[in-house]
Amino acid sequence: MGIRISNLVKIYGSTLIVDQISFDVADGEFVTLLGPSGCGKTTTLRCIAGLERADGGSIEIDGTVVSDGSLGIHVGTHERNLGMVFQSYAIWPHMTVARNVAFPLQVRGATPSAAIDEAVRWALDVVGLGALSHRHPSELSGGQQQRVALARAIVGKPKVLLFDEPLSNLDARLRDRTRSEISRIQKELAIPAVYVTHDQAEALSMSDRVIVMNGGVTVEEGAPRNLYQRPRKRFTAEFIGAANFIGMTWDGQLWKTADGASVAIPGHSAAGAGDTRQAVLRSEVLHVEPADAPLSAGFAALRGTVLGHQYMGPYTEYSIDVAGTAIMAHSAAEFPVGSPVHVTFRPQDIHLLPPDA
Ligand SMILES: Nc1ncnc2c1ncn2[C@@H]1O[C@H](COP(=O)(O)OP(=O)(O)OP(=O)(O)O)[C@@H](O)[C@H]1O
Ligand SMILES: [Mg+2]
């Protein structure tokens, strides 16, 4: 049944923070709210959790309306049957791992203690902490503490999992590991999840679907691959990954760039000669070649001059002036600043934004 958010509105004081956001999360689906700081992600999540009272719209969880302003419905957090994991682990320092995980079931009451023990064992096994149930949080690493929080979120077999930047306190290596751990557990339990982050790598790698937010509204939503490769909005292209934008003009037969190159872009023909569009070129599909090197078959080239470079290990990232626009491109080779170069790419790797992007 999943979750259905319809025209959600949240106002703080006189400021509209969430402005008519609507989205669904299907059963077992992992949906991420991705957007810059202050765009309203946490506020949206807190409304779903019932920690905030929405000012408009409705929220349905597993077929039950838990929030509807016009009907005067606001179901409390504890009756929504949610599992929540936040950036701060919020686990009790004076309780053992097992007692922390048991806590939500004890608060709920009515669960016999044998059943609680069994559920705690199950949850700790799922997160791989079965052997550490008697430790106190101070005897755990940050990653292990976050897994306690995860076990506590799933112990009551919730209808929905809510995550708010759960990885941001972990170091880079642990973040990657915990990321795949959360994905695995969510898929294994098939509980619909809403995950909030401003980290594009997390959003792309974990989600079935990403909702890009900005300024309290939804900019665009889609599967990670579609959003990255074929964004419909310039904001999405800029926010997810490193994007270069170059202007292209349709001359009736081909797309022309400002430096005079003509490119046939598969699947893109405009309505009329003179139409202009913004092309998105990801730096990883752009290669830097010496200006006098012959062009490989199937590649197009832009002429440019090296403005600067940064050694990244596997490649060097170049900033290249192409007809007055700085383009970022990768190469394993070395080109000094001022070198005349070709930026080459395959035309099928170009994505043209729609006219209203
Ligand atoms: N209790 C509150 N009272 C007034 N304004 C608030 C309150 N909580 C949040 N806001 C404001 O609402 C806006 C959205 O905040 P929110 O926490 O939802 O952003 P976010 O997208 O989660 O950002 P971040 O990535 O920094 O966590 C911000 O401008 C914030 O200052
Ligand atoms: Mg937030």
# chains A, B, ... in the order shown; residues from 1 in each chain; ligands from 1

call {"tool": "select_by_dssp", "arguments": {"residues": "range 187-349 of chain A", "states": "alpha helix (DSSP H)", "output": "short mmCIF file (atom, residue, chain, number, x, y, z; two decimals) with C-alpha atoms, in the first residue's frame"}}
result
data_model
loop_
_atom_site.label_atom_id
_atom_site.label_comp_id
_atom_site.auth_asym_id
_atom_site.auth_seq_id
_atom_site.Cartn_x
_atom_site.Cartn_y
_atom_site.Cartn_z
CA LYS A 187 14.94 -4.49 0.29
CA GLU A 188 15.02 -7.62 2.46
CA LEU A 189 12.17 -6.38 4.67
CA GLN A 200 23.69 12.99 -4.61
CA ALA A 201 25.82 9.84 -4.35
CA GLU A 202 23.56 8.50 -1.60
CA ALA A 203 20.46 9.39 -3.56
CA LEU A 204 21.67 7.81 -6.81
CA SER A 205 23.05 4.64 -5.27
CA MET A 206 20.26 3.77 -2.84
CA PRO A 224 18.37 7.75 -10.62
CA ARG A 225 19.63 6.86 -14.11
CA ASN A 226 16.99 8.97 -15.84
CA LEU A 227 17.57 11.98 -13.61
CA TYR A 228 21.32 11.81 -14.18
CA GLN A 229 21.36 11.06 -17.88
CA ARG A 234 18.56 22.58 -15.48
CA PHE A 235 18.41 22.57 -11.68
CA THR A 236 18.50 18.76 -11.64
CA ALA A 237 21.43 18.63 -14.06
CA GLU A 238 23.35 21.11 -11.92
CA PHE A 239 22.51 19.59 -8.56
#

call {"tool": "closest_atom_pairs", "arguments": {"of": "chain A", "to": "ligand 2", "cutoff": "12 Å", "atoms": "only C-alpha atoms and all ligand atoms", "output": "tab-separated table"}}
result
residue	atom	partner	partner_atom_place_in_ligand_line	distance
A:Leu33	CA	ligand 2	1 (Mg)	10.1
A:Leu34	CA	ligand 2	1 (Mg)	10.1
A:Gly35	CA	ligand 2	1 (Mg)	9.5
A:Pro36	CA	ligand 2	1 (Mg)	9.1
A:Ser37	CA	ligand 2	1 (Mg)	6.8
A:Gly38	CA	ligand 2	1 (Mg)	6.9
A:Cys39	CA	ligand 2	1 (Mg)	8.3
A:Gly40	CA	ligand 2	1 (Mg)	7.1
A:Lys41	CA	ligand 2	1 (Mg)	5.6
A:Thr42	CA	ligand 2	1 (Mg)	4.1
A:Thr43	CA	ligand 2	1 (Mg)	7.2
A:Thr44	CA	ligand 2	1 (Mg)	9.3
A:Leu45	CA	ligand 2	1 (Mg)	8.8
A:Arg46	CA	ligand 2	1 (Mg)	9.7
A:Phe86	CA	ligand 2	1 (Mg)	9.7
A:Gln87	CA	ligand 2	1 (Mg)	9.2
A:Ser88	CA	ligand 2	1 (Mg)	11.8
A:Phe163	CA	ligand 2	1 (Mg)	10.3
A:Asp164	CA	ligand 2	1 (Mg)	6.7
A:Glu165	CA	ligand 2	1 (Mg)	7.2
A:Pro166	CA	ligand 2	1 (Mg)	10.5
A:Ser168	CA	ligand 2	1 (Mg)	11.0
A:Tyr195	CA	ligand 2	1 (Mg)	10.7
A:Val196	CA	ligand 2	1 (Mg)	7.2
A:Thr197	CA	ligand 2	1 (Mg)	7.4
A:His198	CA	ligand 2	1 (Mg)	8.3
A:Asp199	CA	ligand 2	1 (Mg)	11.5
A:Met213	CA	ligand 2	1 (Mg)	12.0

call {"tool": "residues_around", "arguments": {"residues": "Asp125 in chain A", "least_positions_apart": "4", "cutoff": "12 Å", "atoms": "only C-alpha atoms", "output": "list in words"}}
result
Ala98, Val101, Glu118, Ala119, Val120, Arg121, Leu129, Gly130, Ala131, Leu132, Ser133, Arg147, Val148, Leu150, Ala151, Arg152, Ile154, Val155 and Ile185 of chain A

call {"tool": "write_last_selection", "arguments": {"atoms": "C-alpha atoms", "output": "compact mmCIF listing (two decimals), in the first residue's frame"}}
result
# COMPACT_ATOMS: atom_id res chain seq x y z
CA ALA A 98 19.34 -4.85 23.61
CA VAL A 101 16.29 -1.81 20.69
CA GLU A 118 12.58 -12.55 20.27
CA ALA A 119 11.96 -9.37 18.24
CA VAL A 120 15.12 -7.74 19.61
CA ARG A 121 17.19 -10.82 18.69
CA LEU A 129 24.88 -6.86 15.93
CA GLY A 130 23.64 -10.10 17.50
CA ALA A 131 26.90 -10.62 19.40
CA LEU A 132 26.97 -7.14 20.96
CA SER A 133 23.54 -7.01 22.60
CA ARG A 147 23.11 0.11 13.39
CA VAL A 148 21.55 0.04 16.86
CA LEU A 150 18.49 0.94 12.61
CA ALA A 151 17.62 -2.16 14.66
CA ARG A 152 15.42 -0.01 16.90
CA ILE A 154 12.78 -2.05 12.43
CA VAL A 155 12.06 -3.95 15.66
CA ILE A 185 17.91 -4.36 4.87

call {"tool": "residues_around", "arguments": {"residues": "Ile3 in chain A", "least_positions_apart": "3", "cutoff": "8 Å", "atoms": "only C-alpha atoms", "output": "PDB file with C-alpha atoms, in the first residue's frame"}}
result
ATOM      1  CA  ASP A  24       3.718   8.300  -3.640  1.00  0.00           C
ATOM      2  CA  VAL A  25       5.940   5.571  -2.288  1.00  0.00           C
ATOM      3  CA  ALA A  26       4.917   2.116  -3.461  1.00  0.00           C
ATOM      4  CA  ASP A  27       5.114  -0.935  -1.242  1.00  0.00           C
ATOM      5  CA  ILE A  59      -0.827  11.935   4.192  1.00  0.00           C
ATOM      6  CA  GLU A  60      -1.875   8.325   3.820  1.00  0.00           C
ATOM      7  CA  ILE A  61       0.147   5.432   5.227  1.00  0.00           C
ATOM      8  CA  ASP A  62      -0.725   1.881   4.243  1.00  0.00           C
ATOM      9  CA  GLY A  63      -4.219   2.919   3.186  1.00  0.00           C
ATOM     10  CA  VAL A 160       7.226   2.807   6.789  1.00  0.00           C
ATOM     11  CA  PRO A 192       8.571   1.386   1.903  1.00  0.00           C
TER      12      PRO A 192
END

call {"tool": "closest_residue", "arguments": {"among": "A:Val212, A:Gln186, A:Thr325, A:Thr111", "to": "ligand 1", "atoms": "only C-alpha atoms and all ligand atoms"}}
result
A:Val212

call {"tool": "closest_residue", "arguments": {"among": "A:Ser138, A:Gln20, A:Ser207, A:Asn214", "to": "ligand 1", "atoms": "only C-alpha atoms and all ligand atoms"}}
result
A:Asn214

call {"tool": "select_by_dssp", "arguments": {"residues": "range 14-235 of chain A", "states": "strand (DSSP E or B)", "output": "MDAnalysis selection string"}}
result
chainID A and resid 15:25 30:34 56:61 64:68 73:74 82:86 160:164 193:197 209:214 217:222

call {"tool": "closest_residue", "arguments": {"among": "A:His136, A:His351, A:Arg177, A:Lys10", "to": "Pro266 in chain A", "atoms": "only C-alpha atoms"}}
result
A:His351

call {"tool": "closest_residue", "arguments": {"among": "A:Gly109, A:Pro336, A:Gly304, A:Pro93", "to": "Arg135 in chain A", "atoms": "only C-alpha atoms"}}
result
A:Pro93

call {"tool": "closest_residue", "arguments": {"among": "A:Gly28, A:Ala357, A:Leu161, A:Pro347", "to": "Glu220 in chain A", "atoms": "only C-alpha atoms"}}
result
A:Ala357

call {"tool": "atom_distance", "arguments": {"atom1": "CA of Phe23 in chain A", "atom2": "CA of Val9 in chain A"}}
result
12.8 Å

call {"tool": "closest_residue", "arguments": {"among": "A:Asp171, A:Glu79, A:Asp356, A:Asp259", "to": "Pro104 in chain A", "atoms": "only C-alpha atoms"}}
result
A:Glu79

call {"tool": "residues_around", "arguments": {"residues": "Ala333 in chain A", "least_positions_apart": "2", "cutoff": "9 Å", "atoms": "only C-alpha atoms", "output": "PyMOL selection string"}}
result
chain A and resi 288-289+315-316+330-331+335
